[in-house]
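*Asks:* Sending over data.pdb (PDB, C-alpha atoms).
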ATOM      1  CA  MET R  17      -7.974   7.088 -11.346
ATOM      2  CA  PHE R  18      -7.212  10.134  -9.204
ATOM      3  CA  ARG R  19      -3.832   8.737  -8.140
ATOM      4  CA  GLY R  20      -2.914   8.195 -11.770
ATOM      5  CA  ARG R  21      -3.598  11.835 -12.566
ATOM      6  CA  ILE R  22      -1.516  12.969  -9.628
ATOM      7  CA  ALA R  23       1.333  10.655 -10.635
ATOM      8  CA  THR R  24       1.175  11.979 -14.189
ATOM      9  CA  ALA R  25       1.248  15.572 -12.984
ATOM     10  CA  ILE R  26       4.227  14.827 -10.749
ATOM     11  CA  ALA R  27       6.049  13.080 -13.590
ATOM     12  CA  VAL R  28       5.476  16.080 -15.899
ATOM     13  CA  ALA R  29       6.737  18.456 -13.210
ATOM     14  CA  ILE R  30       9.813  16.303 -12.640
ATOM     15  CA  MET R  31      10.526  16.147 -16.364
ATOM     16  CA  ALA R  32      10.242  19.912 -16.614
ATOM     17  CA  GLY R  33      12.586  20.267 -13.665
ATOM     18  CA  THR R  34      15.158  17.903 -15.101
ATOM     19  CA  ALA R  35      14.999  19.520 -18.530
ATOM     20  CA  SER R  36      16.164  22.795 -17.000
ATOM     21  CA  CYS R  37      19.203  21.137 -15.353
ATOM     22  CA  ALA R  38      22.255  21.562 -17.537
ATOM     23  CA  ASN R  39      24.732  19.795 -15.261
ATOM     24  CA  PRO R  40      24.929  16.019 -15.978
ATOM     25  CA  ARG R  41      25.974  15.288 -12.389
ATOM     26  CA  THR R  42      22.862  17.067 -11.109
ATOM     27  CA  GLU R  43      20.721  15.106 -13.537
ATOM     28  CA  ALA R  44      22.319  11.840 -12.422
ATOM     29  CA  ASN R  45      21.792  12.675  -8.741
ATOM     30  CA  PHE R  46      18.206  13.621  -9.435
ATOM     31  CA  ALA R  47      17.592  10.395 -11.342
ATOM     32  CA  THR R  48      19.131   8.388  -8.515
ATOM     33  CA  ALA R  49      16.957  10.144  -5.956
ATOM     34  CA  LEU R  50      13.875   9.552  -8.095
ATOM     35  CA  ASN R  51      14.758   5.878  -8.471
ATOM     36  CA  ASP R  52      15.253   5.556  -4.713
ATOM     37  CA  ALA R  53      11.865   7.178  -4.106
ATOM     38  CA  ALA R  54      10.218   4.777  -6.558
ATOM     39  CA  ASN R  55      11.834   1.824  -4.767
ATOM     40  CA  GLU R  56      10.538   3.063  -1.415
ATOM     41  CA  ILE R  57       7.028   3.510  -2.829
ATOM     42  CA  ASN R  58       7.098  -0.037  -4.197
ATOM     43  CA  GLY R  59       8.216  -1.279  -0.783
ATOM     44  CA  LEU R  60       5.295   0.539   0.840
ATOM     45  CA  LYS R  61       2.885  -0.993  -1.669
ATOM     46  CA  SER R  62       4.221  -4.413  -0.753
ATOM     47  CA  ASP R  63       3.819  -3.670   2.964
ATOM     48  CA  VAL R  64       0.229  -2.509   2.461
ATOM     49  CA  ALA R  65      -0.588  -5.668   0.494
ATOM     50  CA  GLN R  66       0.888  -7.814   3.268
ATOM     51  CA  LEU R  67      -1.080  -5.934   5.925
ATOM     52  CA  GLN R  68      -4.299  -6.380   3.938
ATOM     53  CA  THR R  69      -3.652 -10.121   3.739
ATOM     54  CA  GLN R  70      -3.127 -10.255   7.499
ATOM     55  CA  VAL R  71      -6.321  -8.279   8.159
ATOM     56  CA  ASP R  72      -8.280 -10.611   5.885
ATOM     57  CA  SER R  73      -6.835 -13.619   7.725
ATOM     58  CA  LEU R  74      -7.741 -12.156  11.107
ATOM     59  CA  HIS R  75     -11.249 -11.413   9.875
ATOM     60  CA  THR R  76     -11.646 -15.049   8.781
ATOM     61  CA  MET R  77     -10.435 -16.324  12.154
ATOM     62  CA  LEU R  78     -12.810 -13.966  13.966
ATOM     63  CA  MET R  79     -15.753 -15.257  11.950
ATOM     64  CA  GLN R  80     -14.805 -18.858  12.739
ATOM     65  CA  GLN R  81     -14.542 -18.134  16.461
ATOM     66  CA  ASP R  82     -17.853 -16.284  16.413
ATOM     67  CA  SER R  83     -19.512 -19.281  14.749
ATOM     68  CA  LEU R  84     -17.971 -21.587  17.340
ATOM     69  CA  ILE R  85     -19.222 -19.417  20.209
ATOM     70  CA  ASN R  86     -22.725 -19.393  18.691
ATOM     71  CA  ARG R  87     -22.730 -23.195  18.393
ATOM     72  CA  ILE R  88     -21.544 -23.652  21.967
ATOM     73  CA  ALA R  89     -24.226 -21.238  23.152
ATOM     74  CA  ALA R  90     -26.899 -23.070  21.140
ATOM     75  CA  VAL R  91     -25.861 -26.473  22.529
ATOM     76  CA  ASN R  92     -26.048 -25.150  26.096
ATOM     77  CA  ASN R  93     -29.372 -23.337  25.520
ATOM     78  CA  ILE R  94     -27.822 -19.924  26.164
ATOM     79  CA  PRO R  95     -29.783 -17.177  24.395
ATOM     80  CA  ARG R  96     -27.800 -14.782  22.249
TER      81      ARG R  96
END
Could the structure of this file be written out as structure tokens, please?
*Replies:*
Amino acid sequence: MFRGRIATAIAVAIMAGTASCANPRTEANFATALNDAANEINGLKSDVAQLQTQVDSLHTMLMQQDSLINRIAAVNNIPR
């Protein structure tokens, strides 16, 4: 919710900035830079999603190993 408001405010500021540019080359360069920034942000979102998947996988493996250690301890009458 908060990120959406910030993104909207940034978009309005960028639109106001581009509206004041009279030179088409400047507008094209600005649009290209904005597009490049959007592509980088999407790449970062993808990286964060991949990292979250890896963390979830590691958490699952940790829980399985912890259960295995508890079973081995129980079989050998080792208090935990």
*Asks:* For Leu50 (chain R), which residue out of R:Ala27, R:Ala90, R:Ile85, R:His75 is the nearest one, using all atoms listed in the file?
*Replies:*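 Comparing R:Ala27, R:Ala90, R:Ile85, R:His75 against Leu50 (chain R), the winner is R:Ala27.
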*Asks:* Could you work out how far CA of Ile26 (chain R) lies from CA of Asp52 (chain R), giving the answer in Å with one decimal?
*Replies:*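 We find that CA of Asp52 (chain R) and CA of Ile26 (chain R) lie 15.6 Å from each other.
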*Asks:* Kindly give the distance, in Å, that separates CA of Thr24 (chain R) and CA of Thr69 (chain R), rounded to a single decimal.
*Replies:*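 Distance between the two atoms: 28.9 Å.
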*Asks:* Kindly give the distance, in Å, that separates CA of Asn39 (chain R) and CA of Asn55 (chain R), rounded to a single decimal.
*Replies:*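 Going from CA of Asn39 (chain R) over to CA of Asn55 (chain R) covers 24.5 Å.
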*Asks:* Using only C-alpha atoms, which residue out of R:Ala49, R:Ile88, R:Ile57, R:Met79 lies closest to Ile30 (chain R)?
*Replies:*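 Nearest to Ile30 (chain R): R:Ala49.
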